[in-house]
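Participant: Let me begin by handing over the structure; questions about it come next.
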Amino acid sequence: MRLIYPVDIAEHGGPPDEAGFAVTFPDLPEAVTWGETLAEALANATDCLEEALAARILAREALPAPSAARGRPCVAPGSLIGAKAALYLALRDSGTTPAKLARRLGTQPSAVTRLLDPAHASKPARIDDALNALGKRLVVALEPAA
């Protein structure tokens, strides 16, 4: 699954201290942000997306598949949160528990917990090892910035 989510942007007029752009995610209703300029709103949308994905991972909730863009701008999480979300999805899809994954990796369950923790600065190689143990691999793509 590609973790690139479409956003809806609404311009808000009014006094200068209230003008700006509101950004919402159709697939993540809890994710709402804004910015005074369109560029600021889209930059804030990346942070907002990361926070929404992190909150769902920590709460052990489903990560929705992104809907079709249909001409809307799209936002992707940063590489670390994206990799952790991919691992979280692979673990859920496989039906494997963190403890079973830890045994496959020859490590402690706490190490897998840290790999899934959005706040932990995990090494990419360890995430790759965990994905490999689940029969998956992370593919990195380079695309123009939005």
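Residues in the structure tokens are named by chain (A, B, ... in the order shown) and by number from 1 within that chain; ligands are numbered from 1 in the order shown.
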Fewer than 6 positions away in the same chain doesn't count, so skip those; otherwise give me all residues within 12 Å of A:Ala31, counting only C-alpha atoms, as a PyMOL selection string.

Facilitator: chain A and resi 5-8+22-25+44-56+75

Participant: Keeping only N, CA and C atoms, write the selected residues to a file as a PDB file, in the first residue's frame.

Facilitator:
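Resulting contents of part.pdb:
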```
ATOM      1  N   TYR A   5      -1.849  10.196   0.929  1.00  0.00           N
ATOM      2  CA  TYR A   5      -3.255  10.497   1.173  1.00  0.00           C
ATOM      3  C   TYR A   5      -3.693  11.807   0.518  1.00  0.00           C
ATOM      4  N   PRO A   6      -4.860  11.788  -0.140  1.00  0.00           N
ATOM      5  CA  PRO A   6      -5.384  13.033  -0.712  1.00  0.00           C
ATOM      6  C   PRO A   6      -5.896  13.952   0.396  1.00  0.00           C
ATOM      7  N   VAL A   7      -5.860  15.244   0.114  1.00  0.00           N
ATOM      8  CA  VAL A   7      -6.354  16.233   1.060  1.00  0.00           C
ATOM      9  C   VAL A   7      -7.357  17.147   0.363  1.00  0.00           C
ATOM     10  N   ASP A   8      -8.268  17.662   1.158  1.00  0.00           N
ATOM     11  CA  ASP A   8      -9.183  18.699   0.696  1.00  0.00           C
ATOM     12  C   ASP A   8      -8.693  20.007   1.301  1.00  0.00           C
ATOM     13  N   ALA A  22      -7.539  25.789   5.189  1.00  0.00           N
ATOM     14  CA  ALA A  22      -7.828  24.629   6.040  1.00  0.00           C
ATOM     15  C   ALA A  22      -7.580  23.366   5.235  1.00  0.00           C
ATOM     16  N   VAL A  23      -6.974  22.378   5.860  1.00  0.00           N
ATOM     17  CA  VAL A  23      -6.672  21.104   5.201  1.00  0.00           C
ATOM     18  C   VAL A  23      -7.312  19.979   5.995  1.00  0.00           C
ATOM     19  N   THR A  24      -8.066  19.127   5.290  1.00  0.00           N
ATOM     20  CA  THR A  24      -8.654  17.944   5.913  1.00  0.00           C
ATOM     21  C   THR A  24      -8.294  16.717   5.086  1.00  0.00           C
ATOM     22  N   PHE A  25      -8.324  15.575   5.732  1.00  0.00           N
ATOM     23  CA  PHE A  25      -8.019  14.295   5.097  1.00  0.00           C
ATOM     24  C   PHE A  25      -9.304  13.472   5.045  1.00  0.00           C
ATOM     25  N   ASN A  44       2.151  21.785   6.958  1.00  0.00           N
ATOM     26  CA  ASN A  44       1.499  21.381   8.205  1.00  0.00           C
ATOM     27  C   ASN A  44       0.715  20.082   8.016  1.00  0.00           C
ATOM     28  N   ALA A  45       0.220  19.860   6.808  1.00  0.00           N
ATOM     29  CA  ALA A  45      -0.534  18.632   6.525  1.00  0.00           C
ATOM     30  C   ALA A  45       0.351  17.399   6.660  1.00  0.00           C
ATOM     31  N   THR A  46       1.614  17.517   6.299  1.00  0.00           N
ATOM     32  CA  THR A  46       2.538  16.387   6.464  1.00  0.00           C
ATOM     33  C   THR A  46       2.679  16.046   7.946  1.00  0.00           C
ATOM     34  N   ASP A  47       2.884  17.056   8.771  1.00  0.00           N
ATOM     35  CA  ASP A  47       2.979  16.825  10.220  1.00  0.00           C
ATOM     36  C   ASP A  47       1.682  16.246  10.765  1.00  0.00           C
ATOM     37  N   CYS A  48       0.572  16.772  10.304  1.00  0.00           N
ATOM     38  CA  CYS A  48      -0.747  16.313  10.760  1.00  0.00           C
ATOM     39  C   CYS A  48      -0.958  14.841  10.392  1.00  0.00           C
ATOM     40  N   LEU A  49      -0.586  14.481   9.165  1.00  0.00           N
ATOM     41  CA  LEU A  49      -0.712  13.092   8.728  1.00  0.00           C
ATOM     42  C   LEU A  49       0.139  12.181   9.599  1.00  0.00           C
ATOM     43  N   GLU A  50       1.366  12.581   9.870  1.00  0.00           N
ATOM     44  CA  GLU A  50       2.244  11.760  10.703  1.00  0.00           C
ATOM     45  C   GLU A  50       1.651  11.563  12.095  1.00  0.00           C
ATOM     46  N   GLU A  51       1.099  12.627  12.665  1.00  0.00           N
ATOM     47  CA  GLU A  51       0.486  12.524  13.994  1.00  0.00           C
ATOM     48  C   GLU A  51      -0.733  11.604  13.973  1.00  0.00           C
ATOM     49  N   ALA A  52      -1.542  11.699  12.924  1.00  0.00           N
ATOM     50  CA  ALA A  52      -2.732  10.848  12.826  1.00  0.00           C
ATOM     51  C   ALA A  52      -2.340   9.379  12.689  1.00  0.00           C
ATOM     52  N   LEU A  53      -1.352   9.097  11.843  1.00  0.00           N
ATOM     53  CA  LEU A  53      -0.894   7.711  11.686  1.00  0.00           C
ATOM     54  C   LEU A  53      -0.275   7.205  12.987  1.00  0.00           C
ATOM     55  N   ALA A  54       0.539   8.037  13.627  1.00  0.00           N
ATOM     56  CA  ALA A  54       1.167   7.638  14.891  1.00  0.00           C
ATOM     57  C   ALA A  54       0.118   7.338  15.951  1.00  0.00           C
ATOM     58  N   ALA A  55      -0.895   8.170  16.055  1.00  0.00           N
ATOM     59  CA  ALA A  55      -1.946   7.949  17.056  1.00  0.00           C
ATOM     60  C   ALA A  55      -2.677   6.635  16.793  1.00  0.00           C
ATOM     61  N   ARG A  56      -2.933   6.340  15.532  1.00  0.00           N
ATOM     62  CA  ARG A  56      -3.617   5.086  15.215  1.00  0.00           C
ATOM     63  C   ARG A  56      -2.732   3.878  15.506  1.00  0.00           C
ATOM     64  N   VAL A  75      -0.591  14.080   0.235  1.00  0.00           N
ATOM     65  CA  VAL A  75       0.435  14.262   1.258  1.00  0.00           C
ATOM     66  C   VAL A  75       0.921  12.883   1.697  1.00  0.00           C
TER      67      VAL A  75
END
```

Participant: So that each row is one residue of stretch 44-91 of chain A with an atom at most 8 Å from stretch 128-138 of chain A, can you give its shortest atom pair and the distance in Å to one decimal, using only C-alpha atoms, rows by chain and rising number, as JSON lines?

Facilitator:
```
{"residue": "A:Ala83", "atom": "CA", "partner": "A:Leu138", "partner_atom": "CA", "distance": 7.2}
{"residue": "A:Ala86", "atom": "CA", "partner": "A:Leu138", "partner_atom": "CA", "distance": 7.5}
{"residue": "A:Leu87", "atom": "CA", "partner": "A:Leu131", "partner_atom": "CA", "distance": 6.1}
{"residue": "A:Ala90", "atom": "CA", "partner": "A:Leu134", "partner_atom": "CA", "distance": 6.9}
{"residue": "A:Leu91", "atom": "CA", "partner": "A:Leu134", "partner_atom": "CA", "distance": 7.1}
```

Participant: Would you save the residues from that selection as an mmCIF file, in the first residue's frame, using N, CA and C atoms?

Facilitator:
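See result.cif below for the written result:
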```
data_model
loop_
_atom_site.group_PDB
_atom_site.id
_atom_site.type_symbol
_atom_site.label_atom_id
_atom_site.label_comp_id
_atom_site.auth_asym_id
_atom_site.auth_seq_id
_atom_site.Cartn_x
_atom_site.Cartn_y
_atom_site.Cartn_z
ATOM 1 N N ALA A 83 7.840 4.197 7.160
ATOM 2 C CA ALA A 83 8.385 2.848 7.328
ATOM 3 C C ALA A 83 7.747 2.144 8.524
ATOM 4 N N ALA A 86 4.300 1.098 7.570
ATOM 5 C CA ALA A 86 4.361 -0.083 6.701
ATOM 6 C C ALA A 86 4.585 -1.345 7.529
ATOM 7 N N LEU A 87 5.476 -1.281 8.506
ATOM 8 C CA LEU A 87 5.715 -2.428 9.383
ATOM 9 C C LEU A 87 4.458 -2.768 10.173
ATOM 10 N N ALA A 90 2.053 -4.493 7.858
ATOM 11 C CA ALA A 90 2.506 -5.853 7.552
ATOM 12 C C ALA A 90 2.274 -6.789 8.728
ATOM 13 N N LEU A 91 2.526 -6.307 9.926
ATOM 14 C CA LEU A 91 2.314 -7.120 11.127
ATOM 15 C C LEU A 91 0.835 -7.447 11.287
#
```

Participant: From the set A:Val32, A:Ala39, A:Val112, A:Ala85, which residue has the shortest atom-to-atom contact distance to A:Arg2, counting only C-alpha atoms?

Facilitator: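 Nearest to A:Arg2: A:Ala85.
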
Participant: Choose the residue, out of A:Ala65, A:Val139, A:Ile57, A:Ala76, that has the smallest atom-to-atom separation from A:Leu115; count only C-alpha atoms.

Facilitator: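 Distance minimum relative to A:Leu115 lands on A:Ile57.
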
Participant: Quick one: residues within 12 Å of A:Lys100, only C-alpha atoms, excluding same-chain residues fewer than 3 positions away - as number ranges by chain?

Facilitator: A: 91, 94-97, 103-113, 130, 133-134

Participant: Mind dumping a table of every stretch 88-140 of chain A residue within 10 Å of stretch 58-64 of chain A, with the nearest atom pair and its distance in Å to one decimal, using only C-alpha atoms, sorted by chain and rising number, as JSON lines?

Facilitator:
```
{"residue": "A:Tyr88", "atom": "CA", "partner": "A:Leu63", "partner_atom": "CA", "distance": 8.9}
{"residue": "A:Leu89", "atom": "CA", "partner": "A:Leu63", "partner_atom": "CA", "distance": 7.4}
{"residue": "A:Arg92", "atom": "CA", "partner": "A:Ala62", "partner_atom": "CA", "distance": 8.6}
{"residue": "A:Leu116", "atom": "CA", "partner": "A:Leu58", "partner_atom": "CA", "distance": 8.2}
{"residue": "A:Asp117", "atom": "CA", "partner": "A:Leu58", "partner_atom": "CA", "distance": 7.1}
{"residue": "A:Pro118", "atom": "CA", "partner": "A:Leu58", "partner_atom": "CA", "distance": 7.9}
```

Participant: As a list in words, please: every residue in stretch 5-70 of chain A that DSSP puts in strand (DSSP E or B).

Facilitator: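 Across stretch 5-70 of chain A, those assigned strand (DSSP E or B) are Tyr5, Pro6, Asp8, Ile9, Ala10, Glu11, His12, Gly20, Phe21, Ala22, Val23, Thr24, Phe25, Leu28, Pro29, Glu30, Ala31, Val32, Thr33, Trp34 and Gly35 of chain A.
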
Participant: What's the 7 Å shell around A:Glu11, counting only C-alpha atoms, without same-chain residues fewer than 2 positions away, as a count of residues only?

Facilitator: 5

Participant: Which one of A:Leu42, A:Ala68, A:Ala145, A:Ala99 sits closest to A:Asp27 if you count only C-alpha atoms?

Facilitator: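 Answer, going by the shortest atom-to-atom distance: A:Ala68.
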
Participant: If I take atom CA of A:Pro66 and atom CA of A:Leu28, how far is one from the other in Å, to one decimal?

Facilitator: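 Straight-line distance from atom CA of A:Pro66 to atom CA of A:Leu28 works out to 9.1 Å.
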
Participant: Run DSSP on the backbone and grab whatever in stretch 5-133 of chain A lands in alpha helix (DSSP H); send it over as a ChimeraX atom specification.

Facilitator: /A:38-58,79-94,98-105,109-116,124-133

Participant: Applying 8 Å and only C-alpha atoms, which residues near A:Leu80 remain after dropping the ones on its own chain fewer than 5 positions away? List them as a PDB file with N, CA and C atoms, in the first residue's frame.

Facilitator:
```
ATOM      1  N   ALA A 121      13.490   6.565  17.415  1.00  0.00           N
ATOM      2  CA  ALA A 121      14.329   6.746  16.220  1.00  0.00           C
ATOM      3  C   ALA A 121      14.948   5.407  15.815  1.00  0.00           C
ATOM      4  N   SER A 122      14.143   4.550  15.234  1.00  0.00           N
ATOM      5  CA  SER A 122      14.609   3.219  14.832  1.00  0.00           C
ATOM      6  C   SER A 122      15.538   3.295  13.632  1.00  0.00           C
ATOM      7  N   PRO A 124      16.725   2.181  10.075  1.00  0.00           N
ATOM      8  CA  PRO A 124      16.032   1.610   8.910  1.00  0.00           C
ATOM      9  C   PRO A 124      16.359   0.135   8.673  1.00  0.00           C
TER      10      PRO A 124
END
```
